[in-house]
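*Asks:* work_27.txt is reproduced in full below (compact mmCIF, N, CA and C atoms).
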```
# COMPACT_ATOMS: atom_id res chain seq x y z
N MET A 1 31.38 23.32 -14.04
CA MET A 1 31.27 22.33 -15.09
C MET A 1 30.50 22.95 -16.26
N ALA A 2 31.01 22.81 -17.44
CA ALA A 2 30.34 23.35 -18.62
C ALA A 2 29.15 22.49 -18.99
N ALA A 3 28.09 23.15 -19.42
CA ALA A 3 26.89 22.41 -19.82
C ALA A 3 27.16 21.68 -21.13
N SER A 4 26.66 20.45 -21.21
CA SER A 4 26.85 19.71 -22.45
C SER A 4 25.80 20.14 -23.45
N LYS A 5 26.12 19.99 -24.71
CA LYS A 5 25.17 20.36 -25.76
C LYS A 5 24.09 19.31 -25.86
N THR A 6 22.90 19.74 -26.17
CA THR A 6 21.79 18.83 -26.32
C THR A 6 21.12 19.06 -27.67
N ALA A 7 20.33 18.10 -28.10
CA ALA A 7 19.57 18.21 -29.34
C ALA A 7 18.10 18.41 -28.98
N THR A 8 17.39 19.11 -29.82
CA THR A 8 15.96 19.34 -29.61
C THR A 8 15.16 18.28 -30.33
N LEU A 9 14.15 17.77 -29.65
CA LEU A 9 13.24 16.78 -30.22
C LEU A 9 11.83 17.30 -29.99
N THR A 10 11.08 17.48 -31.06
CA THR A 10 9.72 17.99 -30.95
C THR A 10 8.77 16.96 -31.55
N PHE A 11 7.74 16.61 -30.80
CA PHE A 11 6.76 15.66 -31.31
C PHE A 11 5.42 15.89 -30.64
N ARG A 12 4.38 15.39 -31.27
CA ARG A 12 3.03 15.49 -30.71
C ARG A 12 2.71 14.20 -29.98
N ILE A 13 1.94 14.32 -28.91
CA ILE A 13 1.60 13.17 -28.09
C ILE A 13 0.18 13.34 -27.57
N ASP A 14 -0.49 12.23 -27.38
CA ASP A 14 -1.84 12.25 -26.82
C ASP A 14 -1.81 12.93 -25.44
N PRO A 15 -2.76 13.80 -25.17
CA PRO A 15 -2.76 14.51 -23.88
C PRO A 15 -2.76 13.58 -22.66
N GLY A 16 -3.44 12.45 -22.75
CA GLY A 16 -3.45 11.51 -21.64
C GLY A 16 -2.09 10.91 -21.38
N ILE A 17 -1.35 10.60 -22.45
CA ILE A 17 0.01 10.07 -22.32
C ILE A 17 0.93 11.14 -21.73
N LYS A 18 0.74 12.38 -22.17
CA LYS A 18 1.55 13.46 -21.62
C LYS A 18 1.30 13.62 -20.13
N GLU A 19 0.06 13.52 -19.70
CA GLU A 19 -0.26 13.64 -18.28
C GLU A 19 0.36 12.50 -17.49
N ALA A 20 0.31 11.29 -18.03
CA ALA A 20 0.94 10.15 -17.36
C ALA A 20 2.45 10.36 -17.26
N LEU A 21 3.05 10.88 -18.31
CA LEU A 21 4.48 11.17 -18.31
C LEU A 21 4.81 12.23 -17.26
N ARG A 22 3.98 13.27 -17.18
CA ARG A 22 4.18 14.32 -16.19
C ARG A 22 4.10 13.73 -14.78
N ALA A 23 3.13 12.85 -14.55
CA ALA A 23 2.98 12.22 -13.23
C ALA A 23 4.19 11.35 -12.89
N ALA A 24 4.66 10.57 -13.87
CA ALA A 24 5.83 9.71 -13.65
C ALA A 24 7.06 10.56 -13.34
N ALA A 25 7.24 11.64 -14.08
CA ALA A 25 8.38 12.53 -13.85
C ALA A 25 8.30 13.16 -12.46
N SER A 26 7.11 13.56 -12.08
CA SER A 26 6.92 14.17 -10.76
C SER A 26 7.26 13.19 -9.64
N LEU A 27 6.86 11.93 -9.78
CA LEU A 27 7.17 10.92 -8.77
C LEU A 27 8.66 10.75 -8.55
N GLU A 28 9.44 10.96 -9.61
CA GLU A 28 10.90 10.79 -9.53
C GLU A 28 11.64 12.11 -9.43
N HIS A 29 10.88 13.20 -9.24
CA HIS A 29 11.47 14.54 -9.11
C HIS A 29 12.35 14.87 -10.32
N ARG A 30 11.82 14.57 -11.51
CA ARG A 30 12.53 14.83 -12.76
C ARG A 30 11.70 15.78 -13.62
N SER A 31 12.38 16.42 -14.58
CA SER A 31 11.65 17.17 -15.60
C SER A 31 11.06 16.17 -16.59
N ILE A 32 10.09 16.61 -17.35
CA ILE A 32 9.52 15.74 -18.38
C ILE A 32 10.61 15.33 -19.38
N ALA A 33 11.44 16.27 -19.79
CA ALA A 33 12.50 15.96 -20.76
C ALA A 33 13.46 14.92 -20.20
N ASN A 34 13.85 15.06 -18.93
CA ASN A 34 14.76 14.09 -18.34
C ASN A 34 14.08 12.73 -18.19
N MET A 35 12.79 12.73 -17.87
CA MET A 35 12.08 11.45 -17.73
C MET A 35 12.04 10.73 -19.07
N VAL A 36 11.79 11.45 -20.15
CA VAL A 36 11.78 10.83 -21.49
C VAL A 36 13.16 10.25 -21.79
N GLU A 37 14.22 10.98 -21.47
CA GLU A 37 15.57 10.48 -21.73
C GLU A 37 15.83 9.21 -20.94
N VAL A 38 15.47 9.19 -19.66
CA VAL A 38 15.67 8.02 -18.81
C VAL A 38 14.89 6.83 -19.38
N MET A 39 13.66 7.06 -19.80
CA MET A 39 12.84 5.98 -20.34
C MET A 39 13.44 5.42 -21.63
N ILE A 40 13.94 6.28 -22.48
CA ILE A 40 14.56 5.83 -23.73
C ILE A 40 15.83 5.04 -23.43
N ARG A 41 16.65 5.53 -22.51
CA ARG A 41 17.87 4.81 -22.14
C ARG A 41 17.54 3.43 -21.58
N ASP A 42 16.53 3.36 -20.70
CA ASP A 42 16.12 2.07 -20.13
C ASP A 42 15.64 1.12 -21.22
N TYR A 43 14.83 1.63 -22.14
CA TYR A 43 14.31 0.81 -23.24
C TYR A 43 15.47 0.24 -24.06
N CYS A 44 16.40 1.10 -24.41
CA CYS A 44 17.54 0.67 -25.22
C CYS A 44 18.40 -0.35 -24.47
N GLU A 45 18.62 -0.11 -23.19
CA GLU A 45 19.42 -1.04 -22.39
C GLU A 45 18.77 -2.42 -22.33
N GLN A 46 17.46 -2.46 -22.17
CA GLN A 46 16.74 -3.73 -22.10
C GLN A 46 16.82 -4.51 -23.40
N ARG A 47 17.00 -3.82 -24.52
CA ARG A 47 17.01 -4.46 -25.83
C ARG A 47 18.38 -4.53 -26.47
N GLY A 48 19.40 -4.18 -25.71
CA GLY A 48 20.77 -4.28 -26.21
C GLY A 48 21.12 -3.25 -27.26
N ILE A 49 20.44 -2.12 -27.24
CA ILE A 49 20.74 -1.04 -28.19
C ILE A 49 21.74 -0.10 -27.53
N GLU A 50 22.89 0.08 -28.16
CA GLU A 50 23.92 0.94 -27.59
C GLU A 50 23.54 2.40 -27.73
N VAL A 51 23.67 3.14 -26.63
CA VAL A 51 23.44 4.58 -26.63
C VAL A 51 24.79 5.24 -26.44
N PRO A 52 25.24 6.03 -27.40
CA PRO A 52 26.54 6.69 -27.27
C PRO A 52 26.58 7.56 -26.01
N LEU A 53 27.74 7.59 -25.36
CA LEU A 53 27.90 8.43 -24.18
C LEU A 53 27.91 9.90 -24.59
N SER A 54 27.34 10.74 -23.75
CA SER A 54 27.38 12.17 -23.99
C SER A 54 28.79 12.68 -23.71
N ALA A 55 29.08 13.89 -24.16
CA ALA A 55 30.40 14.49 -23.91
C ALA A 55 30.63 14.62 -22.40
N GLU A 56 29.58 14.95 -21.65
CA GLU A 56 29.70 15.09 -20.20
C GLU A 56 30.08 13.76 -19.56
N ALA A 57 29.43 12.70 -19.99
CA ALA A 57 29.74 11.38 -19.44
C ALA A 57 31.16 10.96 -19.78
N LYS A 58 31.61 11.26 -20.99
CA LYS A 58 32.98 10.94 -21.39
C LYS A 58 33.99 11.70 -20.53
N ASN A 59 33.66 12.94 -20.20
CA ASN A 59 34.56 13.74 -19.35
C ASN A 59 34.62 13.21 -17.92
N ASN A 60 33.63 12.41 -17.55
CA ASN A 60 33.59 11.82 -16.21
C ASN A 60 34.01 10.35 -16.27
N ASP A 61 34.90 10.01 -17.19
CA ASP A 61 35.42 8.65 -17.38
C ASP A 61 34.33 7.67 -17.73
N GLY A 62 33.25 8.14 -18.36
CA GLY A 62 32.19 7.25 -18.80
C GLY A 62 31.30 6.75 -17.69
N VAL A 63 31.45 7.27 -16.48
CA VAL A 63 30.62 6.83 -15.36
C VAL A 63 29.39 7.72 -15.28
N ARG A 64 28.22 7.07 -15.40
CA ARG A 64 26.97 7.81 -15.29
C ARG A 64 26.58 7.91 -13.83
N SER A 65 26.09 9.06 -13.44
CA SER A 65 25.67 9.21 -12.05
C SER A 65 24.17 9.06 -11.93
```
Show the structure stored in the file as structure tokens.
*Replies:*
Amino acid sequence: MAASKTATLTFRIDPGIKEALRAAASLEHRSIANMVEVMIRDYCEQRGIEVPLSAEAKNNDGVRS
């Protein structure tokens, strides 16, 4: 399977928040980047904000795993 293209997002964050994020990611066996993506997707879903499907998801008939 070909890797899908991603965009880079760089931002500064309070060290305590970063540590909490690291702990949350660790609990779910995720990378920090993946945890941030999951959190953003959950936030958008809760508020009815549409998140466009990635190219990978479209290639899998739009079904997220």
*Asks:* Go ahead and compute the interatomic distance for atom N of A:Glu28 and atom N of A:Pro15, in Å to one decimal.
*Replies:*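 According to the coordinates, atom N of A:Glu28 and atom N of A:Pro15 are separated by 20.0 Å.
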*Asks:* Quick one: distance from atom CA of A:Ala7 to atom CA of A:Ile32 in Å, one decimal?
*Replies:*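 Separating atom CA of A:Ala7 from atom CA of A:Ile32 is a distance of 15.1 Å.
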*Asks:* Show me the residues close to (3.2, 11.7, -18.1) - anything with an atom within 12 Å, counting only C-alpha atoms - and format the list as a ChimeraX atom specification.
*Replies:* /A:13-28,30-36,39
*Asks:* One decimal, Å: what's the distance from atom C of A:Lys5 over to atom CA of A:Val51, could you say?
*Replies:*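 If I compute the distance from atom C of A:Lys5 to atom CA of A:Val51, I get 14.8 Å.
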*Asks:* Return as AutoDock Vina command-line options the centre and edge lengths, in Å with one decimal, of the box along x, y and z that encloses every atom of stretch 24-43 of chain A in the file, padded by 8 Å per side.
*Replies:*
```
--center_x 11.3 --center_y 8.7 --center_z -16.3 --size_x 29.2 --size_y 32.9 --size_z 31.5
```
*Asks:* May I ask you to restore N, CA, C and O atoms in stretch 1-23 of chain A and write the result as a short mmCIF file (atom, residue, chain, number, x, y, z; two decimals), in the coordinates of the input?
*Replies:*
```cif
data_model
loop_
_atom_site.label_atom_id
_atom_site.label_comp_id
_atom_site.auth_asym_id
_atom_site.auth_seq_id
_atom_site.Cartn_x
_atom_site.Cartn_y
_atom_site.Cartn_z
N MET A 1 31.38 23.32 -14.04
CA MET A 1 31.27 22.33 -15.09
C MET A 1 30.50 22.95 -16.26
O MET A 1 29.44 23.54 -16.08
N ALA A 2 31.01 22.81 -17.44
CA ALA A 2 30.34 23.35 -18.62
C ALA A 2 29.15 22.49 -18.99
O ALA A 2 29.18 21.27 -18.87
N ALA A 3 28.09 23.15 -19.42
CA ALA A 3 26.89 22.41 -19.82
C ALA A 3 27.16 21.68 -21.13
O ALA A 3 27.81 22.20 -22.02
N SER A 4 26.66 20.45 -21.21
CA SER A 4 26.85 19.71 -22.45
C SER A 4 25.80 20.14 -23.45
O SER A 4 24.73 20.60 -23.09
N LYS A 5 26.12 19.99 -24.71
CA LYS A 5 25.17 20.36 -25.76
C LYS A 5 24.09 19.31 -25.86
O LYS A 5 24.34 18.12 -25.66
N THR A 6 22.90 19.74 -26.17
CA THR A 6 21.79 18.83 -26.32
C THR A 6 21.12 19.06 -27.67
O THR A 6 21.33 20.09 -28.30
N ALA A 7 20.33 18.10 -28.10
CA ALA A 7 19.57 18.21 -29.34
C ALA A 7 18.10 18.41 -28.98
O ALA A 7 17.64 17.94 -27.93
N THR A 8 17.39 19.11 -29.82
CA THR A 8 15.96 19.34 -29.61
C THR A 8 15.16 18.28 -30.33
O THR A 8 15.46 17.92 -31.47
N LEU A 9 14.15 17.77 -29.65
CA LEU A 9 13.24 16.78 -30.22
C LEU A 9 11.83 17.30 -29.99
O LEU A 9 11.43 17.54 -28.86
N THR A 10 11.08 17.48 -31.06
CA THR A 10 9.72 17.99 -30.95
C THR A 10 8.77 16.96 -31.55
O THR A 10 9.00 16.48 -32.65
N PHE A 11 7.74 16.61 -30.80
CA PHE A 11 6.76 15.66 -31.31
C PHE A 11 5.42 15.89 -30.64
O PHE A 11 5.34 16.50 -29.59
N ARG A 12 4.38 15.39 -31.27
CA ARG A 12 3.03 15.49 -30.71
C ARG A 12 2.71 14.20 -29.98
O ARG A 12 3.16 13.12 -30.38
N ILE A 13 1.94 14.32 -28.91
CA ILE A 13 1.60 13.17 -28.09
C ILE A 13 0.18 13.34 -27.57
O ILE A 13 -0.28 14.47 -27.36
N ASP A 14 -0.49 12.23 -27.38
CA ASP A 14 -1.84 12.25 -26.82
C ASP A 14 -1.81 12.93 -25.44
O ASP A 14 -0.91 12.66 -24.64
N PRO A 15 -2.76 13.80 -25.17
CA PRO A 15 -2.76 14.51 -23.88
C PRO A 15 -2.76 13.58 -22.66
O PRO A 15 -2.13 13.90 -21.64
N GLY A 16 -3.44 12.45 -22.75
CA GLY A 16 -3.45 11.51 -21.64
C GLY A 16 -2.09 10.91 -21.38
O GLY A 16 -1.67 10.72 -20.23
N ILE A 17 -1.35 10.60 -22.45
CA ILE A 17 0.01 10.07 -22.32
C ILE A 17 0.93 11.14 -21.73
O ILE A 17 1.76 10.85 -20.86
N LYS A 18 0.74 12.38 -22.17
CA LYS A 18 1.55 13.46 -21.62
C LYS A 18 1.30 13.62 -20.13
O LYS A 18 2.23 13.82 -19.35
N GLU A 19 0.06 13.52 -19.70
CA GLU A 19 -0.26 13.64 -18.28
C GLU A 19 0.36 12.50 -17.49
O GLU A 19 0.89 12.70 -16.39
N ALA A 20 0.31 11.29 -18.03
CA ALA A 20 0.94 10.15 -17.36
C ALA A 20 2.45 10.36 -17.26
O ALA A 20 3.06 10.05 -16.22
N LEU A 21 3.05 10.88 -18.31
CA LEU A 21 4.48 11.17 -18.31
C LEU A 21 4.81 12.23 -17.26
O LEU A 21 5.77 12.10 -16.51
N ARG A 22 3.98 13.27 -17.18
CA ARG A 22 4.18 14.32 -16.19
C ARG A 22 4.10 13.73 -14.78
O ARG A 22 4.92 14.04 -13.92
N ALA A 23 3.13 12.85 -14.55
CA ALA A 23 2.98 12.22 -13.23
C ALA A 23 4.19 11.35 -12.89
O ALA A 23 4.69 11.38 -11.76
#
```
